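So the structure is just underneath, and the comments pick up after that.
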Amino acid sequence: MADRQPIALIVDDEPDICNLISMTLHRMNVRSDIAMSVGEARRQLEQKRYDFCLTDMKLPDGTGLQIVEHIQDLPADRLLPVAVITAHGNMDTAIAALKLGAFDFVSKPVNLERLRNLVQLALRLNEARYVEQQEFPTLLQGQSPAIQELRKQIEKVARSDAPALIFGEAGSGKELAARCIHQHGPRAQQPFVPVYCASLTSEQLEAALFGSESEPGFIQRAHGGTLFLDEVASLPPDIQVKLLRVIQEKRYFSEIDAARTDLDIRILSASKQPLANAVREGRFRSDLYYSINVIELHAPPLRKRLEDIPLLVRDMLRRVSTTKKGAAPKAAPDAISALQAYALPGNLRELENILERAVTLCERNTLHAADLLIPATQPTRPSETGEPSAYSNNNELEQPVMTPLPESKQSTYPGQFATSDYSSLDDFLQTIEREAIETTLNETDWNRTAAAEKLGISFRSLRYRLKKLGLESE
């Protein structure tokens, strides 16, 4: 794409606007075609490949929303970024376009600096389609339907620049999802600036977001990149007003030089409580809610990801044991079953804490259920308190009964191989070998000669196995 001159389709029935946009694009080395109606735009989109489209909302034979919808229905290899031109202050129309798939909007009268930023973003979005997709972090991998759906949502949302709101329980990976959206999108090389709203007082939060005479705020630091507002529901009312103004005007008032400057950021937010309830209760502005909740994602709790727990455990054990010598600890099947039977109200964060504690306290390299020190009393879940779930469009999630997994007759004997518990057959066999050697060494007080004799192998063979399994320090 870098070897050819990009080309844009401008859809507007006002010649002055078309000329202004065409001249601006020409100075940016971007060619442009002009269509003055919905019908003409559709014909040109069918006949020619464009790098992006910029359409007015009011057209003689329809609206810009029809063009946005038409572009979303194109084959995957012909999809292109589309932005809309709206009347000044018409946020409802802009939000409607973003929900349909537009990546951004610009208001009339068209600000040229804002237009140039939009064009640069459109070109980066188009280039991103040809770049090999990045891997998701392990904590967002797995085969459960819930996490597969989240990954699909992240990939789709990353191709847009619309504000997105991520709902999820504490520790479910909301910030991780936000970082993935940023890293998979056209702003990946720009800053990702997180703001933890619930941990700051009103005065601290205002200074952190908007800065002071001596120091720029997080909003200004995020220019060109992504601003992530964690626990956005805790924003005080006066800060909600100021943030809404920034979002609507896409301009920032600098306390340092007392000037308003254009702002180019994407806003991602997260909340563990339904913002719709806060709006109904008057604690959150409805206009701000609709401005940041253009696209909604749901980070699933671990009780909806039971089949992913073996994978998550393996990854976490590798990470929490990086300071230890030898091979990473392993979790025995009974430990996996115990974790799947526990509600894990703290989700990913609690799972990591449980494993880190077990690795610290356990003297063996294989963790069993008793080593996890899981609380005997199951925590109360939302369905038991009579409160509706916050994470599925205000419909209560079906809550699984958290009892130990049933064991089949075949699984009552030791040495049962289950693909959900082990990454491969070699992993399974090494786990059995490690447990046998560890048990024998403990029985012989780590007398290797006696252990080798008891295991029926030579001392040299035992030393080889100890090194292979990481049970002997180099």
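Please note that chains go A, B, ... in the order of the structure tokens, that every chain numbers its residues from 1, and that ligands are numbered from 1 in the order shown.
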Could you give me the residues within stretch 161-371 of chain A that DSSP places in strand (DSSP E), as a ChimeraX atom specification? /A:164-168,192-196,226-230,251-254,259-262,266-271,295-299,330-331,366-367
What would the file look like if the residues just selected were written as a short mmCIF file (atom, residue, chain, number, x, y, z; two decimals), in the first residue's frame with N, CA, C and O atoms?
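And here's selection_31.cif as it stands now:
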data_model
loop_
_atom_site.label_atom_id
_atom_site.label_comp_id
_atom_site.auth_asym_id
_atom_site.auth_seq_id
_atom_site.Cartn_x
_atom_site.Cartn_y
_atom_site.Cartn_z
N ALA A 164 -15.57 2.69 23.56
CA ALA A 164 -16.09 1.37 23.95
C ALA A 164 -16.10 1.27 25.47
O ALA A 164 -15.22 1.80 26.15
N LEU A 165 -17.09 0.55 25.98
CA LEU A 165 -17.24 0.34 27.42
C LEU A 165 -17.17 -1.15 27.71
O LEU A 165 -17.89 -1.94 27.08
N ILE A 166 -16.30 -1.55 28.64
CA ILE A 166 -16.09 -2.97 28.95
C ILE A 166 -16.68 -3.24 30.33
O ILE A 166 -16.23 -2.67 31.33
N PHE A 167 -17.68 -4.12 30.38
CA PHE A 167 -18.27 -4.54 31.65
C PHE A 167 -17.62 -5.84 32.10
O PHE A 167 -17.26 -6.68 31.28
N GLY A 168 -17.51 -6.04 33.40
CA GLY A 168 -16.99 -7.29 33.90
C GLY A 168 -16.77 -7.22 35.40
O GLY A 168 -16.55 -6.14 35.95
N PHE A 192 -0.84 4.35 25.65
CA PHE A 192 -2.04 3.81 26.30
C PHE A 192 -1.99 4.33 27.73
O PHE A 192 -1.08 3.97 28.49
N VAL A 193 -2.93 5.20 28.10
CA VAL A 193 -2.87 5.89 29.39
C VAL A 193 -4.03 5.44 30.27
O VAL A 193 -5.18 5.82 30.03
N PRO A 194 -3.78 4.60 31.28
CA PRO A 194 -4.85 4.16 32.18
C PRO A 194 -5.07 5.16 33.32
O PRO A 194 -4.12 5.73 33.85
N VAL A 195 -6.34 5.35 33.69
CA VAL A 195 -6.70 6.20 34.82
C VAL A 195 -7.60 5.38 35.74
O VAL A 195 -8.67 4.92 35.32
N TYR A 196 -7.18 5.18 36.99
CA TYR A 196 -7.92 4.35 37.93
C TYR A 196 -8.82 5.26 38.77
O TYR A 196 -8.45 5.73 39.85
N THR A 226 -4.68 6.19 23.37
CA THR A 226 -5.91 5.73 24.01
C THR A 226 -5.92 6.13 25.48
O THR A 226 -4.92 5.93 26.19
N LEU A 227 -7.05 6.68 25.92
CA LEU A 227 -7.27 6.97 27.34
C LEU A 227 -8.20 5.90 27.90
O LEU A 227 -9.30 5.70 27.39
N PHE A 228 -7.75 5.18 28.93
CA PHE A 228 -8.55 4.12 29.53
C PHE A 228 -9.03 4.55 30.90
O PHE A 228 -8.22 4.80 31.80
N LEU A 229 -10.34 4.65 31.07
CA LEU A 229 -10.94 5.06 32.34
C LEU A 229 -11.47 3.83 33.06
O LEU A 229 -12.53 3.29 32.73
N ASP A 230 -10.72 3.36 34.06
CA ASP A 230 -11.14 2.19 34.82
C ASP A 230 -12.12 2.61 35.91
O ASP A 230 -11.93 3.63 36.57
N ARG A 251 -11.59 18.81 21.75
CA ARG A 251 -10.62 19.86 22.01
C ARG A 251 -10.29 19.86 23.50
O ARG A 251 -11.10 19.46 24.32
N TYR A 252 -9.10 20.35 23.81
CA TYR A 252 -8.61 20.29 25.18
C TYR A 252 -8.13 21.67 25.61
O TYR A 252 -7.41 22.35 24.88
N PHE A 253 -8.57 22.08 26.81
CA PHE A 253 -8.13 23.36 27.35
C PHE A 253 -6.90 23.12 28.21
O PHE A 253 -6.93 22.40 29.20
N SER A 254 -5.78 23.71 27.82
CA SER A 254 -4.53 23.54 28.54
C SER A 254 -4.37 24.61 29.60
O SER A 254 -4.44 25.81 29.32
N ALA A 259 -4.87 27.76 26.45
CA ALA A 259 -5.35 27.71 25.06
C ALA A 259 -6.07 26.39 24.82
O ALA A 259 -5.79 25.38 25.47
N ARG A 260 -7.01 26.43 23.87
CA ARG A 260 -7.71 25.21 23.48
C ARG A 260 -7.01 24.60 22.27
O ARG A 260 -6.75 25.29 21.28
N THR A 261 -6.70 23.32 22.36
CA THR A 261 -6.01 22.64 21.27
C THR A 261 -6.80 21.41 20.85
O THR A 261 -7.52 20.81 21.66
N ASP A 262 -6.67 21.04 19.57
CA ASP A 262 -7.35 19.85 19.07
C ASP A 262 -6.83 18.61 19.78
O ASP A 262 -5.63 18.50 20.08
N ARG A 266 -8.62 8.13 21.62
CA ARG A 266 -9.73 7.18 21.72
C ARG A 266 -9.98 6.93 23.20
O ARG A 266 -9.05 6.78 23.97
N ILE A 267 -11.26 6.87 23.57
CA ILE A 267 -11.60 6.64 24.98
C ILE A 267 -12.19 5.24 25.14
O ILE A 267 -13.19 4.88 24.50
N LEU A 268 -11.55 4.45 26.00
CA LEU A 268 -12.07 3.15 26.42
C LEU A 268 -12.36 3.24 27.91
O LEU A 268 -11.60 3.86 28.66
N SER A 269 -13.46 2.64 28.34
CA SER A 269 -13.85 2.70 29.75
C SER A 269 -14.17 1.29 30.25
O SER A 269 -14.41 0.38 29.46
N ALA A 270 -14.17 1.15 31.57
CA ALA A 270 -14.51 -0.14 32.17
C ALA A 270 -15.31 0.09 33.44
O ALA A 270 -15.16 1.12 34.10
N SER A 271 -16.18 -0.86 33.74
CA SER A 271 -16.99 -0.76 34.95
C SER A 271 -17.39 -2.15 35.41
O SER A 271 -17.65 -3.03 34.59
N ILE A 295 -19.95 1.26 21.90
CA ILE A 295 -19.80 -0.19 21.73
C ILE A 295 -19.61 -0.78 23.12
O ILE A 295 -18.87 -0.24 23.93
N GLU A 296 -20.26 -1.91 23.37
CA GLU A 296 -20.21 -2.54 24.70
C GLU A 296 -19.63 -3.94 24.59
O GLU A 296 -20.03 -4.73 23.74
N LEU A 297 -18.67 -4.23 25.45
CA LEU A 297 -18.06 -5.55 25.51
C LEU A 297 -18.26 -6.13 26.90
O LEU A 297 -18.45 -5.39 27.87
N HIS A 298 -18.17 -7.46 27.01
CA HIS A 298 -18.35 -8.13 28.29
C HIS A 298 -17.17 -9.06 28.56
O HIS A 298 -16.91 -9.98 27.79
N ALA A 299 -16.43 -8.79 29.64
CA ALA A 299 -15.35 -9.67 30.07
C ALA A 299 -15.96 -10.75 30.96
O ALA A 299 -16.47 -10.45 32.04
N LYS A 330 3.74 -27.84 38.45
CA LYS A 330 2.60 -28.38 37.71
C LYS A 330 1.42 -28.52 38.66
O LYS A 330 1.59 -28.66 39.87
N ALA A 331 0.22 -28.47 38.08
CA ALA A 331 -0.99 -28.70 38.87
C ALA A 331 -1.54 -30.09 38.54
O ALA A 331 -1.77 -30.41 37.37
N THR A 366 4.70 -30.49 42.28
CA THR A 366 3.35 -30.76 41.76
C THR A 366 2.33 -30.36 42.82
O THR A 366 2.37 -30.86 43.96
N LEU A 367 1.43 -29.46 42.43
CA LEU A 367 0.42 -28.97 43.37
C LEU A 367 -0.82 -29.86 43.32
O LEU A 367 -1.32 -30.20 42.25
#
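Non-sequential neighbours of A:Lys48 (distance at most 12 Å, separation of 5 or more positions within a chain, only C-alpha atoms) are Ile7, Ala8, Leu9, Ser32, Asp33, Ala41, Arg42, Arg43, Cys53, Arg78, Leu79 and Leu80 of chain A.
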Saved selection, atoms kept: N, CA and C atoms, as a PDB file, in the first residue's frame:
ATOM      1  N   ILE A   7      -6.405   6.597  -2.187  1.00  0.00           N
ATOM      2  CA  ILE A   7      -7.535   7.279  -2.818  1.00  0.00           C
ATOM      3  C   ILE A   7      -8.756   7.202  -1.902  1.00  0.00           C
ATOM      4  N   ALA A   8      -9.462   8.318  -1.777  1.00  0.00           N
ATOM      5  CA  ALA A   8     -10.630   8.402  -0.895  1.00  0.00           C
ATOM      6  C   ALA A   8     -11.876   8.725  -1.710  1.00  0.00           C
ATOM      7  N   LEU A   9     -13.018   8.313  -1.164  1.00  0.00           N
ATOM      8  CA  LEU A   9     -14.309   8.683  -1.747  1.00  0.00           C
ATOM      9  C   LEU A   9     -14.976   9.704  -0.839  1.00  0.00           C
ATOM     10  N   SER A  32      -8.715  11.816  -4.549  1.00  0.00           N
ATOM     11  CA  SER A  32     -10.107  11.715  -4.103  1.00  0.00           C
ATOM     12  C   SER A  32     -11.063  11.698  -5.287  1.00  0.00           C
ATOM     13  N   ASP A  33     -12.124  10.936  -5.148  1.00  0.00           N
ATOM     14  CA  ASP A  33     -13.277  10.963  -6.049  1.00  0.00           C
ATOM     15  C   ASP A  33     -14.447  11.551  -5.285  1.00  0.00           C
ATOM     16  N   ALA A  41     -22.650   7.138  -4.829  1.00  0.00           N
ATOM     17  CA  ALA A  41     -21.611   6.576  -3.964  1.00  0.00           C
ATOM     18  C   ALA A  41     -21.599   5.049  -4.032  1.00  0.00           C
ATOM     19  N   ARG A  42     -22.771   4.444  -4.028  1.00  0.00           N
ATOM     20  CA  ARG A  42     -22.851   2.982  -4.108  1.00  0.00           C
ATOM     21  C   ARG A  42     -22.255   2.478  -5.411  1.00  0.00           C
ATOM     22  N   ARG A  43     -22.551   3.158  -6.520  1.00  0.00           N
ATOM     23  CA  ARG A  43     -22.018   2.731  -7.816  1.00  0.00           C
ATOM     24  C   ARG A  43     -20.491   2.819  -7.833  1.00  0.00           C
ATOM     25  N   CYS A  53     -13.598   6.244   3.094  1.00  0.00           N
ATOM     26  CA  CYS A  53     -14.732   7.036   2.611  1.00  0.00           C
ATOM     27  C   CYS A  53     -15.106   8.060   3.679  1.00  0.00           C
ATOM     28  N   ARG A  78     -13.073  -6.141   0.527  1.00  0.00           N
ATOM     29  CA  ARG A  78     -13.363  -4.807  -0.010  1.00  0.00           C
ATOM     30  C   ARG A  78     -13.790  -3.824   1.082  1.00  0.00           C
ATOM     31  N   LEU A  79     -13.768  -4.267   2.333  1.00  0.00           N
ATOM     32  CA  LEU A  79     -14.136  -3.377   3.426  1.00  0.00           C
ATOM     33  C   LEU A  79     -13.170  -2.197   3.511  1.00  0.00           C
ATOM     34  N   LEU A  80     -13.657  -1.054   3.949  1.00  0.00           N
ATOM     35  CA  LEU A  80     -12.810   0.126   4.079  1.00  0.00           C
ATOM     36  C   LEU A  80     -13.314   0.983   5.227  1.00  0.00           C
TER      37      LEU A  80
END
For stretch 164-270 of chain A versus stretch 145-160 of chain A, which residues have an atom no more than 6 Å away, and what is each residue's nearest atom pair and distance in Å rounded to one decimal, using only C-alpha atoms, chain-then-number order, as JSON lines?
{"residue": "A:Ile181", "atom": "CA", "partner": "A:Ala158", "partner_atom": "CA", "distance": 4.8}
{"residue": "A:His184", "atom": "CA", "partner": "A:Ala158", "partner_atom": "CA", "distance": 5.8}
{"residue": "A:Gly185", "atom": "CA", "partner": "A:Ala158", "partner_atom": "CA", "distance": 4.7}
One number please: atom CA of A:Pro300 to atom CA of A:Ser172, in Å, one decimal.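 Those two atoms sit 6.4 Å apart.
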Helix (DSSP H, G or I) per DSSP on the backbone: members of stretch 238-373 of chain A, as an MDAnalysis selection string: chainID A and resid 238:249 275:280 286:292 302:304 306:320 333:341 347:361 369:372
Please provide the set of residues having any atom within 10 Å of A:Lys108, restricted to only C-alpha atoms, with same-chain residues fewer than 2 positions apart removed, written as a ChimeraX atom specification. /A:17,56,85-90,106,110-111
Residue among A:Ser337, A:Gln72, A:Ser22, A:Ser291 lying closest to A:Leu115, counting only C-alpha atoms: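 Nearest candidate to A:Leu115 out of A:Ser337, A:Gln72, A:Ser22, A:Ser291: A:Ser22.
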Nearest to A:Ile292 among A:Ala178, A:Leu311, A:Ile95, A:Cys362, with distances taken over only C-alpha atoms: which residue is it? A:Ile95
Determine, counting only C-alpha atoms, which protein, DNA and RNA residues have an atom within 10 Å of an atom of A:Gln66; residues of the same chain fewer than 3 positions away are not included. Present the result as an NGL selection string. :A and (38-39 or 42 or 57 or 62-63 or 69-72 or 97 or 100)
Residues of the last selection are to be written out with N, CA and C atoms, as an mmCIF file, in the first residue's frame.
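Heads up, here's the output in result_33.cif:
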data_model
loop_
_atom_site.group_PDB
_atom_site.id
_atom_site.type_symbol
_atom_site.label_atom_id
_atom_site.label_comp_id
_atom_site.auth_asym_id
_atom_site.auth_seq_id
_atom_site.Cartn_x
_atom_site.Cartn_y
_atom_site.Cartn_z
ATOM 1 N N VAL A 38 -26.358 9.158 -2.474
ATOM 2 C CA VAL A 38 -26.182 7.788 -1.992
ATOM 3 C C VAL A 38 -26.037 6.828 -3.157
ATOM 4 N N GLY A 39 -26.889 6.983 -4.157
ATOM 5 C CA GLY A 39 -26.855 6.099 -5.323
ATOM 6 C C GLY A 39 -25.530 6.161 -6.056
ATOM 7 N N ARG A 42 -22.771 4.444 -4.028
ATOM 8 C CA ARG A 42 -22.851 2.982 -4.108
ATOM 9 C C ARG A 42 -22.255 2.478 -5.411
ATOM 10 N N MET A 57 -23.909 13.513 6.226
ATOM 11 C CA MET A 57 -25.082 12.809 6.728
ATOM 12 C C MET A 57 -26.327 13.108 5.905
ATOM 13 N N GLY A 62 -30.991 10.330 0.430
ATOM 14 C CA GLY A 62 -30.878 9.483 1.621
ATOM 15 C C GLY A 62 -29.959 10.104 2.649
ATOM 16 N N THR A 63 -29.325 9.237 3.458
ATOM 17 C CA THR A 63 -28.433 9.718 4.519
ATOM 18 C C THR A 63 -27.100 8.988 4.474
ATOM 19 N N GLU A 69 -23.854 1.641 6.285
ATOM 20 C CA GLU A 69 -24.400 0.273 6.270
ATOM 21 C C GLU A 69 -23.968 -0.473 5.014
ATOM 22 N N HIS A 70 -23.991 0.207 3.870
ATOM 23 C CA HIS A 70 -23.601 -0.433 2.609
ATOM 24 C C HIS A 70 -22.153 -0.910 2.671
ATOM 25 N N ILE A 71 -21.270 -0.085 3.233
ATOM 26 C CA ILE A 71 -19.855 -0.448 3.322
ATOM 27 C C ILE A 71 -19.659 -1.644 4.255
ATOM 28 N N GLN A 72 -20.438 -1.704 5.351
ATOM 29 C CA GLN A 72 -20.314 -2.847 6.271
ATOM 30 C C GLN A 72 -20.754 -4.148 5.616
ATOM 31 N N ALA A 97 -23.973 6.666 13.802
ATOM 32 C CA ALA A 97 -23.045 6.249 12.746
ATOM 33 C C ALA A 97 -21.952 5.338 13.300
ATOM 34 N N LEU A 100 -23.151 1.858 13.826
ATOM 35 C CA LEU A 100 -23.323 1.110 12.578
ATOM 36 C C LEU A 100 -21.992 0.670 11.977
#
Please, what distance in Å, to one decimal, runs between atom CA of A:Ala370 and atom CA of A:Leu469? 22.9 Å
When you draw a straight line from atom CA of A:Asp104 to atom CA of A:Pro237, how long is it in Å?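 Here the two named atoms are 26.5 Å from each other.
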Counting only C-alpha atoms, which residue out of A:Ile437, A:Ile457, A:Glu203, A:Leu244 sits closest to A:Met91?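 Looking at the shortest contact to A:Met91, the residue is A:Leu244.
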Considering only C-alpha atoms, state which residue in the set A:Ala369, A:Leu243, A:Ala452, A:Ala276 is at the smallest distance from A:Tyr464.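 Smallest separation from A:Tyr464 among the options: A:Ala452.
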Which residues come within 12 Å of A:Gly456, counting only C-alpha atoms, excluding same-chain residues fewer than 5 positions away, as a VMD selection string? chain A and resid 436 to 437 440 449 to 451 461 to 462
Same residues, N, CA, C and O atoms, saved as a compact mmCIF listing (two decimals), in the first residue's frame:
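The resulting part.txt:
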# COMPACT_ATOMS: atom_id res chain seq x y z
N ALA A 436 6.43 -39.51 40.79
CA ALA A 436 7.03 -40.76 41.29
C ALA A 436 8.41 -40.50 41.88
O ALA A 436 8.77 -41.01 42.96
N ILE A 437 9.21 -39.70 41.17
CA ILE A 437 10.57 -39.41 41.65
C ILE A 437 10.54 -38.56 42.90
O ILE A 437 11.27 -38.82 43.87
N THR A 440 9.52 -40.70 45.93
CA THR A 440 10.60 -41.60 46.36
C THR A 440 11.73 -40.84 47.03
O THR A 440 12.30 -41.29 48.04
N THR A 449 21.03 -42.35 45.89
CA THR A 449 21.40 -43.74 45.66
C THR A 449 20.26 -44.67 46.09
O THR A 449 19.87 -45.60 45.36
N ALA A 450 19.72 -44.40 47.30
CA ALA A 450 18.61 -45.22 47.79
C ALA A 450 17.37 -45.05 46.93
O ALA A 450 16.64 -46.02 46.67
N ALA A 451 17.11 -43.81 46.45
CA ALA A 451 15.94 -43.56 45.61
C ALA A 451 16.06 -44.29 44.29
O ALA A 451 15.08 -44.88 43.79
N SER A 461 20.89 -42.90 35.56
CA SER A 461 19.58 -42.66 34.96
C SER A 461 18.75 -41.69 35.81
O SER A 461 18.05 -40.83 35.28
N LEU A 462 18.86 -41.84 37.12
CA LEU A 462 18.13 -40.93 38.00
C LEU A 462 18.65 -39.50 37.85
O LEU A 462 17.86 -38.55 37.78
Using only C-alpha atoms: which of A:Arg27, A:Gln273, A:Val241, A:Lys174 has the shortest distance to A:Arg349: A:Lys174
For A:Arg305: contacts at 6 Å, only C-alpha atoms, fewer than 3 positions along chain excluded, given as a short mmCIF file (atom, residue, chain, number, x, y, z; two decimals) with all heavy atoms, in the first residue's frame:
data_model
loop_
_atom_site.label_atom_id
_atom_site.label_comp_id
_atom_site.auth_asym_id
_atom_site.auth_seq_id
_atom_site.Cartn_x
_atom_site.Cartn_y
_atom_site.Cartn_z
N SER A 144 -13.40 -21.69 25.69
CA SER A 144 -14.76 -21.47 26.17
C SER A 144 -15.49 -20.51 25.24
O SER A 144 -14.89 -19.57 24.71
CB SER A 144 -14.74 -20.90 27.59
OG SER A 144 -14.15 -19.61 27.61
N LEU A 302 -14.66 -16.14 35.52
CA LEU A 302 -14.04 -17.46 35.34
C LEU A 302 -15.04 -18.60 35.45
O LEU A 302 -14.81 -19.67 34.92
CB LEU A 302 -12.91 -17.66 36.35
CG LEU A 302 -11.55 -17.07 35.96
CD1 LEU A 302 -10.49 -17.48 36.96
CD2 LEU A 302 -11.14 -17.51 34.56
N ASP A 308 -11.25 -23.36 30.38
CA ASP A 308 -9.99 -22.63 30.15
C ASP A 308 -9.04 -22.70 31.35
O ASP A 308 -7.87 -22.31 31.24
CB ASP A 308 -10.28 -21.15 29.85
CG ASP A 308 -11.14 -20.96 28.62
OD1 ASP A 308 -11.12 -21.85 27.75
OD2 ASP A 308 -11.83 -19.93 28.53
#
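Nearest to A:Leu466 of all the residues A:Ala327, A:Ala96, A:Leu351, A:Leu275 is A:Ala327, based on only C-alpha atoms.
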Within 6 Å of A:Val11, counting only C-alpha atoms, which residues qualify if same-chain residues fewer than 5 places away don't, as number ranges by chain? A: 34-36, 55
